[in-house]
file entry-v5.tsv (TSV, C-alpha atoms and all ligand atoms)
chain	number	residue	atom	x	y	z
S	74	MET	CA	40.51	186.91	160.54
S	75	ASN	CA	39.56	188.68	163.75
S	76	ASP	CA	41.83	188.98	166.72
S	77	LEU	CA	41.09	185.61	168.30
S	78	LEU	CA	44.02	183.91	166.61
S	79	LYS	CA	46.44	186.83	166.80
S	80	LYS	CA	48.20	185.18	169.66
S	81	PRO	CA	49.13	181.50	169.41
S	82	ARG	CA	46.33	179.27	170.69
S	83	LYS	CA	47.26	175.77	171.63
S	84	VAL	CA	44.41	173.30	171.19
S	85	TYR	CA	43.89	169.56	171.46
S	86	VAL	CA	41.87	167.88	168.74
S	87	SER	CA	40.60	164.30	169.00
S	88	ARG	CA	39.15	161.78	166.64
S	89	THR	CA	37.76	158.36	167.49
S	90	ILE	CA	37.66	155.25	165.33
S	91	GLU	CA	36.70	151.63	165.86
S	92	PHE	CA	38.20	148.39	164.71
S	93	ASN	CA	37.62	144.74	165.55
S	94	ALA	CA	40.46	142.34	166.06
S	95	ALA	CA	41.36	139.04	167.70
S	96	HIS	CA	44.32	138.27	169.91
S	97	ARG	CA	45.71	135.75	172.33
S	98	LEU	CA	47.65	136.77	175.41
S	99	PHE	CA	50.38	134.14	175.59
S	100	ASN	CA	54.10	134.44	176.15
S	101	PRO	CA	55.94	131.57	174.44
S	102	LEU	CA	58.88	132.01	176.83
S	103	LEU	CA	56.66	130.93	179.73
S	104	THR	CA	55.07	127.56	180.44
S	105	GLU	CA	51.43	126.79	179.74
S	106	ASN	CA	50.76	126.97	183.48
S	107	GLU	CA	52.47	130.32	183.93
S	108	ASN	CA	50.55	131.74	180.98
S	109	CYS	CA	47.27	130.52	182.47
S	110	LYS	CA	48.14	132.06	185.80
S	111	ILE	CA	49.02	135.46	184.30
S	112	TYR	CA	46.51	135.77	181.47
S	113	GLY	CA	43.67	133.45	182.56
S	114	LYS	CA	41.19	132.69	179.78
S	115	CYS	CA	42.87	135.33	177.61
S	116	ALA	CA	45.54	132.65	177.07
S	117	ASN	CA	43.06	130.20	175.52
S	118	LYS	CA	44.56	128.59	172.47
S	119	HIS	CA	42.58	130.12	169.61
S	120	GLY	CA	42.25	133.63	170.98
S	121	HIS	CA	39.25	135.90	171.35
S	122	GLY	CA	38.03	139.18	169.89
S	123	HIS	CA	37.57	142.78	170.96
S	124	ASN	CA	35.78	145.80	169.56
S	125	TYR	CA	38.54	148.31	170.04
S	126	LEU	CA	37.81	152.01	170.31
S	127	LEU	CA	40.74	154.29	169.56
S	128	GLU	CA	40.88	157.98	170.39
S	129	ILE	CA	43.73	159.96	168.88
S	130	THR	CA	44.55	163.45	170.14
S	131	LEU	CA	46.72	165.94	168.29
S	132	ALA	CA	48.09	169.12	169.85
S	133	GLY	CA	49.35	172.36	168.40
S	134	ILE	CA	48.65	175.93	167.46
S	135	VAL	CA	45.53	176.81	165.47
S	136	GLU	CA	46.48	177.87	161.95
S	137	GLN	CA	45.50	181.46	161.24
S	138	LYS	CA	44.60	180.86	157.60
S	139	THR	CA	42.21	177.94	158.13
S	140	GLY	CA	41.19	178.18	161.78
S	141	PHE	CA	42.07	174.48	162.03
S	142	LEU	CA	44.71	172.66	163.97
S	143	PHE	CA	44.62	169.88	161.43
S	144	ASP	CA	42.09	169.00	158.76
S	145	LEU	CA	39.93	166.25	160.29
S	146	LYS	CA	39.11	164.85	156.84
S	147	GLU	CA	42.80	164.24	156.41
S	148	LEU	CA	43.15	162.75	159.89
S	149	LYS	CA	40.21	160.44	159.14
S	150	ALA	CA	41.90	159.25	155.94
S	151	ILE	CA	45.19	158.65	157.75
S	152	LEU	CA	43.50	156.63	160.49
S	153	GLU	CA	41.65	154.52	157.91
S	154	GLU	CA	44.82	153.84	156.00
S	155	GLU	CA	47.25	153.30	158.87
S	156	ILE	CA	45.05	151.78	161.58
S	157	VAL	CA	41.82	150.31	160.21
S	158	ASN	CA	43.47	148.74	157.16
S	159	ARG	CA	46.22	147.29	159.31
S	160	PHE	CA	44.23	145.92	162.26
S	161	ASP	CA	40.53	145.58	161.44
S	162	HIS	CA	39.30	141.97	161.25
S	163	ARG	CA	42.84	140.66	161.81
S	164	HIS	CA	44.34	138.33	164.33
S	165	LEU	CA	46.93	140.53	166.02
S	166	ASN	CA	49.27	137.64	166.90
S	167	HIS	CA	49.38	136.28	163.36
S	168	ASP	CA	48.50	139.03	160.88
S	169	VAL	CA	50.49	142.02	162.11
S	170	PRO	CA	54.24	141.70	161.49
S	171	GLU	CA	55.13	144.34	164.11
S	172	LEU	CA	53.46	142.24	166.81
S	173	GLN	CA	55.04	138.92	165.93
S	174	ASP	CA	57.43	138.71	168.86
S	175	CYS	CA	55.33	140.19	171.62
S	176	VAL	CA	52.19	139.63	173.62
S	177	PRO	CA	49.60	141.90	171.96
S	178	THR	CA	48.15	143.49	175.08
S	179	THR	CA	46.31	146.81	174.87
S	180	GLU	CA	49.45	148.49	176.23
S	181	VAL	CA	51.61	147.06	173.44
S	182	LEU	CA	49.04	147.89	170.78
S	183	ALA	CA	48.74	151.49	172.02
S	184	VAL	CA	52.52	151.92	171.79
S	185	LEU	CA	52.62	150.46	168.27
S	186	ILE	CA	49.79	152.76	167.17
S	187	TRP	CA	51.73	155.71	168.58
S	188	ASP	CA	54.85	154.80	166.60
S	189	ILE	CA	52.90	154.31	163.37
S	190	LEU	CA	51.00	157.61	163.66
S	191	GLU	CA	53.93	159.67	164.85
S	192	GLU	CA	56.01	158.61	161.88
S	193	ARG	CA	53.18	159.37	159.48
S	194	LEU	CA	52.41	162.77	161.01
S	195	THR	CA	56.00	163.96	161.03
S	196	SER	CA	56.27	163.03	157.37
S	197	ILE	CA	53.31	165.12	156.23
S	198	THR	CA	53.40	168.40	158.07
S	199	ASN	CA	56.01	171.04	158.65
S	200	ARG	CA	53.81	172.89	161.13
S	201	GLU	CA	54.24	172.18	164.79
S	202	ILE	CA	51.56	169.57	165.27
S	203	SER	CA	52.28	166.79	167.65
S	204	LEU	CA	50.65	163.55	168.52
S	205	HIS	CA	49.52	164.17	172.09
S	206	GLU	CA	47.75	161.00	173.16
S	207	VAL	CA	46.72	157.57	172.01
S	208	LYS	CA	43.81	156.22	174.04
S	209	LEU	CA	42.80	152.68	173.27
S	210	TYR	CA	39.72	151.05	174.80
S	211	GLU	CA	39.82	147.27	174.70
S	212	THR	CA	36.39	147.10	176.32
S	213	GLY	CA	33.99	149.73	177.60
S	214	LYS	CA	35.69	149.41	180.97
S	215	ASN	CA	39.40	149.01	180.14
S	216	ALA	CA	41.53	151.59	178.38
S	217	VAL	CA	45.22	152.40	177.99
S	218	ARG	CA	46.51	155.93	177.44
S	219	TYR	CA	49.94	156.52	175.94
S	220	LEU	CA	51.54	159.95	175.69
S	221	GLY	CA	54.81	158.96	174.08
S	222	GLU	CA	56.93	158.84	177.21
A	1	NI	NI	41.74	140.23	175.10

call {"tool": "encode", "arguments": {"input": "entry-v5.tsv", "output": "structure tokens"}}
result
Amino acid sequence: MNDLLKKPRKVYVSRTIEFNAAHRLFNPLLTENENCKIYGKCANKHGHGHNYLLEITLAGIVEQKTGFLFDLKELKAILEEEIVNRFDHRHLNHDVPELQDCVPTTEVLAVLIWDILEERLTSITNREISLHEVKLYETGKNAVRYLGE
């Protein structure tokens, strides 16, 4: 290795995946009218779908031996297993146990994705790699960023 990695270099590495899912924005603790007022047509009874785009960013020091922060093949496999398998072609209100008692907004989904990935990442690496950001696009125009705060 040359001298580039002699001092610790902190980098941010991102990977993007897509999944399709349905949801309904409806809070059972509120009346039908209140739900309509807050969520509009997103409260319609049978739900609607989105093509979600998820960008995951990891942060940490580049490993001297490999020149990687984290093997992207491995990150791809983790995202397939933990995110795509769990959410793709599902109805978020009905098919995802972790979302049973909440309104599955993009905010809530981003937080759940954070918790799932953080647990998985801490279990597989002893290097200092952290989940830096979850960015979830519900549409091309709307996105939520969560940094674990
Ligand atoms: Ni929606």

call {"tool": "atom_distance", "arguments": {"input": "entry-v5.tsv", "atom1": "atom CA of S:Arg97", "atom2": "atom CA of S:Ile111"}}
result
12.4 Å

call {"tool": "closest_residue", "arguments": {"input": "entry-v5.tsv", "among": "S:Asn75, S:Thr179, S:Gln173, S:Ser87", "to": "S:Leu145", "atoms": "all atoms listed in the file"}}
result
S:Ser87

call {"tool": "closest_atom_pairs", "arguments": {"input": "entry-v5.tsv", "of": "stretch 86-187 of chain S", "to": "stretch 200-207 of chain S", "cutoff": "8 Å", "atoms": "all atoms listed in the file", "output": "tab-separated table"}}
result
residue	atom	partner	partner_atom	distance
S:Leu127	CA	S:Val207	CA	7.2
S:Glu128	CA	S:Val207	CA	6.1
S:Ile129	CA	S:Val207	CA	4.9
S:Thr130	CA	S:Glu206	CA	5.0
S:Leu131	CA	S:Leu204	CA	4.6
S:Ala132	CA	S:Ser203	CA	5.3
S:Gly133	CA	S:Ile202	CA	4.7
S:Ile134	CA	S:Glu201	CA	7.2
S:Leu142	CA	S:Ile202	CA	7.6
S:Phe143	CA	S:Ile202	CA	7.9
S:Ala183	CA	S:Val207	CA	6.4
S:Ile186	CA	S:Val207	CA	7.5
S:Trp187	CA	S:Val207	CA	6.4

call {"tool": "write_last_selection", "arguments": {"input": "entry-v5.tsv", "atoms": "C-alpha atoms", "output": "PDB file, in the coordinates of the input"}}
result
ATOM      1  CA  LEU S 127      40.740 154.290 169.560  1.00  0.00           C
ATOM      2  CA  GLU S 128      40.880 157.980 170.390  1.00  0.00           C
ATOM      3  CA  ILE S 129      43.730 159.960 168.880  1.00  0.00           C
ATOM      4  CA  THR S 130      44.550 163.450 170.140  1.00  0.00           C
ATOM      5  CA  LEU S 131      46.720 165.940 168.290  1.00  0.00           C
ATOM      6  CA  ALA S 132      48.090 169.120 169.850  1.00  0.00           C
ATOM      7  CA  GLY S 133      49.350 172.360 168.400  1.00  0.00           C
ATOM      8  CA  ILE S 134      48.650 175.930 167.460  1.00  0.00           C
ATOM      9  CA  LEU S 142      44.710 172.660 163.970  1.00  0.00           C
ATOM     10  CA  PHE S 143      44.620 169.880 161.430  1.00  0.00           C
ATOM     11  CA  ALA S 183      48.740 151.490 172.020  1.00  0.00           C
ATOM     12  CA  ILE S 186      49.790 152.760 167.170  1.00  0.00           C
ATOM     13  CA  TRP S 187      51.730 155.710 168.580  1.00  0.00           C
TER      14      TRP S 187
END

call {"tool": "atom_distance", "arguments": {"input": "entry-v5.tsv", "atom1": "atom CA of S:Leu165", "atom2": "atom CA of S:Ala95"}}
result
6.0 Å

call {"tool": "residues_near_ligand", "arguments": {"input": "entry-v5.tsv", "ligand": "ligand NI 1 (chain A)", "cutoff": "10 Å", "atoms": "all atoms listed in the file", "output": "list in words"}}
result
Ala94, Ala95, His96, Arg97, Leu98, Tyr112, Lys114, Cys115, Ala116, Gly120, His121, Gly122, His123, Asn124, Pro177, Thr178, Thr179, Glu211 and Thr212 of chain S

call {"tool": "write_last_selection", "arguments": {"input": "entry-v5.tsv", "atoms": "C-alpha atoms", "output": "tab-separated table (two decimals), in the frame of the given file"}}
result
chain	number	residue	atom	x	y	z
S	94	ALA	CA	40.46	142.34	166.06
S	95	ALA	CA	41.36	139.04	167.70
S	96	HIS	CA	44.32	138.27	169.91
S	97	ARG	CA	45.71	135.75	172.33
S	98	LEU	CA	47.65	136.77	175.41
S	112	TYR	CA	46.51	135.77	181.47
S	114	LYS	CA	41.19	132.69	179.78
S	115	CYS	CA	42.87	135.33	177.61
S	116	ALA	CA	45.54	132.65	177.07
S	120	GLY	CA	42.25	133.63	170.98
S	121	HIS	CA	39.25	135.90	171.35
S	122	GLY	CA	38.03	139.18	169.89
S	123	HIS	CA	37.57	142.78	170.96
S	124	ASN	CA	35.78	145.80	169.56
S	177	PRO	CA	49.60	141.90	171.96
S	178	THR	CA	48.15	143.49	175.08
S	179	THR	CA	46.31	146.81	174.87
S	211	GLU	CA	39.82	147.27	174.70
S	212	THR	CA	36.39	147.10	176.32

call {"tool": "closest_residue", "arguments": {"input": "entry-v5.tsv", "among": "S:Asn106, S:Ile151, S:Val181, S:Arg82", "to": "S:Arg218", "atoms": "all atoms listed in the file"}}
result
S:Val181

call {"tool": "closest_residue", "arguments": {"input": "entry-v5.tsv", "among": "S:Glu91, S:Glu136, S:Pro81, S:Gly213", "to": "S:His162", "atoms": "all atoms listed in the file"}}
result
S:Glu91

call {"tool": "residues_around", "arguments": {"input": "entry-v5.tsv", "residues": "S:Glu105", "least_positions_apart": "5", "cutoff": "10 Å", "atoms": "only C-alpha atoms", "output": "VMD selection string"}}
result
chain S and resid 99 to 100 110 116 to 117

call {"tool": "residues_around", "arguments": {"input": "entry-v5.tsv", "residues": "S:Glu222", "least_positions_apart": "2", "cutoff": "10 Å", "atoms": "only C-alpha atoms", "output": "list in words"}}
result
Val184, Tyr219 and Leu220 of chain S

call {"tool": "closest_residue", "arguments": {"input": "entry-v5.tsv", "among": "S:His167, S:Lys138, S:Arg88, S:Arg159", "to": "S:Lys208", "atoms": "all atoms listed in the file"}}
result
S:Arg88

call {"tool": "closest_residue", "arguments": {"input": "entry-v5.tsv", "among": "S:Cys109, S:Lys80, S:His119, S:Ala150", "to": "S:His164", "atoms": "all atoms listed in the file"}}
result
S:His119

call {"tool": "closest_residue", "arguments": {"input": "entry-v5.tsv", "among": "S:Val157, S:Ile197, S:Leu209, S:Leu77", "to": "S:Gln137", "atoms": "all atoms listed in the file"}}
result
S:Leu77

call {"tool": "build_atoms", "arguments": {"input": "entry-v5.tsv", "residues": "stretch 90-101 of chain S", "atoms": "all heavy atoms", "output": "short mmCIF file (atom, residue, chain, number, x, y, z; two decimals), keeping the file's coordinate frame"}}
result
data_model
loop_
_atom_site.label_atom_id
_atom_site.label_comp_id
_atom_site.auth_asym_id
_atom_site.auth_seq_id
_atom_site.Cartn_x
_atom_site.Cartn_y
_atom_site.Cartn_z
N ILE S 90 38.01 156.27 166.32
CA ILE S 90 37.66 155.25 165.33
C ILE S 90 37.49 153.91 166.03
O ILE S 90 37.92 153.74 167.17
CB ILE S 90 38.73 155.10 164.22
CG1 ILE S 90 40.10 154.72 164.82
CG2 ILE S 90 38.84 156.35 163.37
CD1 ILE S 90 41.08 154.17 163.81
N GLU S 91 36.89 152.98 165.31
CA GLU S 91 36.70 151.63 165.86
C GLU S 91 37.33 150.61 164.93
O GLU S 91 37.36 150.81 163.71
CB GLU S 91 35.21 151.29 165.95
CG GLU S 91 34.45 152.12 166.95
CD GLU S 91 32.95 151.83 166.86
OE1 GLU S 91 32.59 150.64 166.71
OE2 GLU S 91 32.17 152.79 166.90
N PHE S 92 37.82 149.55 165.51
CA PHE S 92 38.20 148.39 164.71
C PHE S 92 38.01 147.13 165.54
O PHE S 92 38.02 147.18 166.77
CB PHE S 92 39.64 148.50 164.16
CG PHE S 92 40.71 148.62 165.22
CD1 PHE S 92 41.33 147.48 165.72
CD2 PHE S 92 41.11 149.86 165.70
CE1 PHE S 92 42.33 147.58 166.68
CE2 PHE S 92 42.08 149.97 166.68
CZ PHE S 92 42.70 148.83 167.17
N ASN S 93 37.82 146.02 164.86
CA ASN S 93 37.62 144.74 165.55
C ASN S 93 38.81 143.85 165.25
O ASN S 93 39.25 143.76 164.10
CB ASN S 93 36.36 144.05 165.05
CG ASN S 93 35.15 144.98 165.10
OD1 ASN S 93 34.96 145.68 166.09
ND2 ASN S 93 34.39 145.03 164.03
N ALA S 94 39.32 143.21 166.29
CA ALA S 94 40.46 142.34 166.06
C ALA S 94 40.49 141.23 167.12
O ALA S 94 39.89 141.35 168.19
CB ALA S 94 41.77 143.14 166.11
N ALA S 95 41.19 140.16 166.77
CA ALA S 95 41.36 139.04 167.70
C ALA S 95 42.78 139.04 168.23
O ALA S 95 43.70 139.57 167.59
CB ALA S 95 41.07 137.73 166.98
N HIS S 96 42.96 138.47 169.40
CA HIS S 96 44.32 138.27 169.91
C HIS S 96 44.33 137.14 170.93
O HIS S 96 43.28 136.67 171.38
CB HIS S 96 44.91 139.56 170.49
CG HIS S 96 44.33 140.00 171.80
ND1 HIS S 96 44.86 141.03 172.54
CD2 HIS S 96 43.27 139.55 172.50
CE1 HIS S 96 44.15 141.18 173.64
NE2 HIS S 96 43.17 140.32 173.65
N ARG S 97 45.52 136.72 171.26
CA ARG S 97 45.71 135.75 172.33
C ARG S 97 46.84 136.28 173.20
O ARG S 97 47.91 136.64 172.68
CB ARG S 97 46.13 134.39 171.75
CG ARG S 97 46.34 133.34 172.82
CD ARG S 97 47.04 132.11 172.26
NE ARG S 97 47.07 131.05 173.25
CZ ARG S 97 47.89 130.01 173.21
NH1 ARG S 97 48.75 129.89 172.20
NH2 ARG S 97 47.86 129.10 174.16
N LEU S 98 46.60 136.33 174.51
CA LEU S 98 47.65 136.77 175.41
C LEU S 98 48.42 135.53 175.88
O LEU S 98 47.93 134.74 176.69
CB LEU S 98 47.07 137.54 176.60
CG LEU S 98 46.25 138.78 176.20
CD1 LEU S 98 45.82 139.56 177.45
CD2 LEU S 98 47.03 139.69 175.26
N PHE S 99 49.60 135.35 175.32
CA PHE S 99 50.38 134.14 175.59
C PHE S 99 51.84 134.46 175.32
O PHE S 99 52.20 134.97 174.26
CB PHE S 99 49.92 133.02 174.65
CG PHE S 99 50.58 131.70 174.90
CD1 PHE S 99 50.06 130.81 175.84
CD2 PHE S 99 51.73 131.35 174.21
CE1 PHE S 99 50.68 129.59 176.08
CE2 PHE S 99 52.36 130.13 174.44
CZ PHE S 99 51.83 129.25 175.38
N ASN S 100 52.67 134.20 176.31
CA ASN S 100 54.10 134.44 176.15
C ASN S 100 54.81 133.10 175.95
O ASN S 100 54.86 132.27 176.87
CB ASN S 100 54.64 135.14 177.41
CG ASN S 100 56.10 135.51 177.27
OD1 ASN S 100 56.82 134.94 176.44
ND2 ASN S 100 56.55 136.45 178.07
N PRO S 101 55.34 132.87 174.75
CA PRO S 101 55.94 131.57 174.44
C PRO S 101 57.17 131.25 175.30
O PRO S 101 57.60 130.10 175.35
CB PRO S 101 56.32 131.67 172.96
CG PRO S 101 56.30 133.12 172.64
CD PRO S 101 55.38 133.79 173.61
#
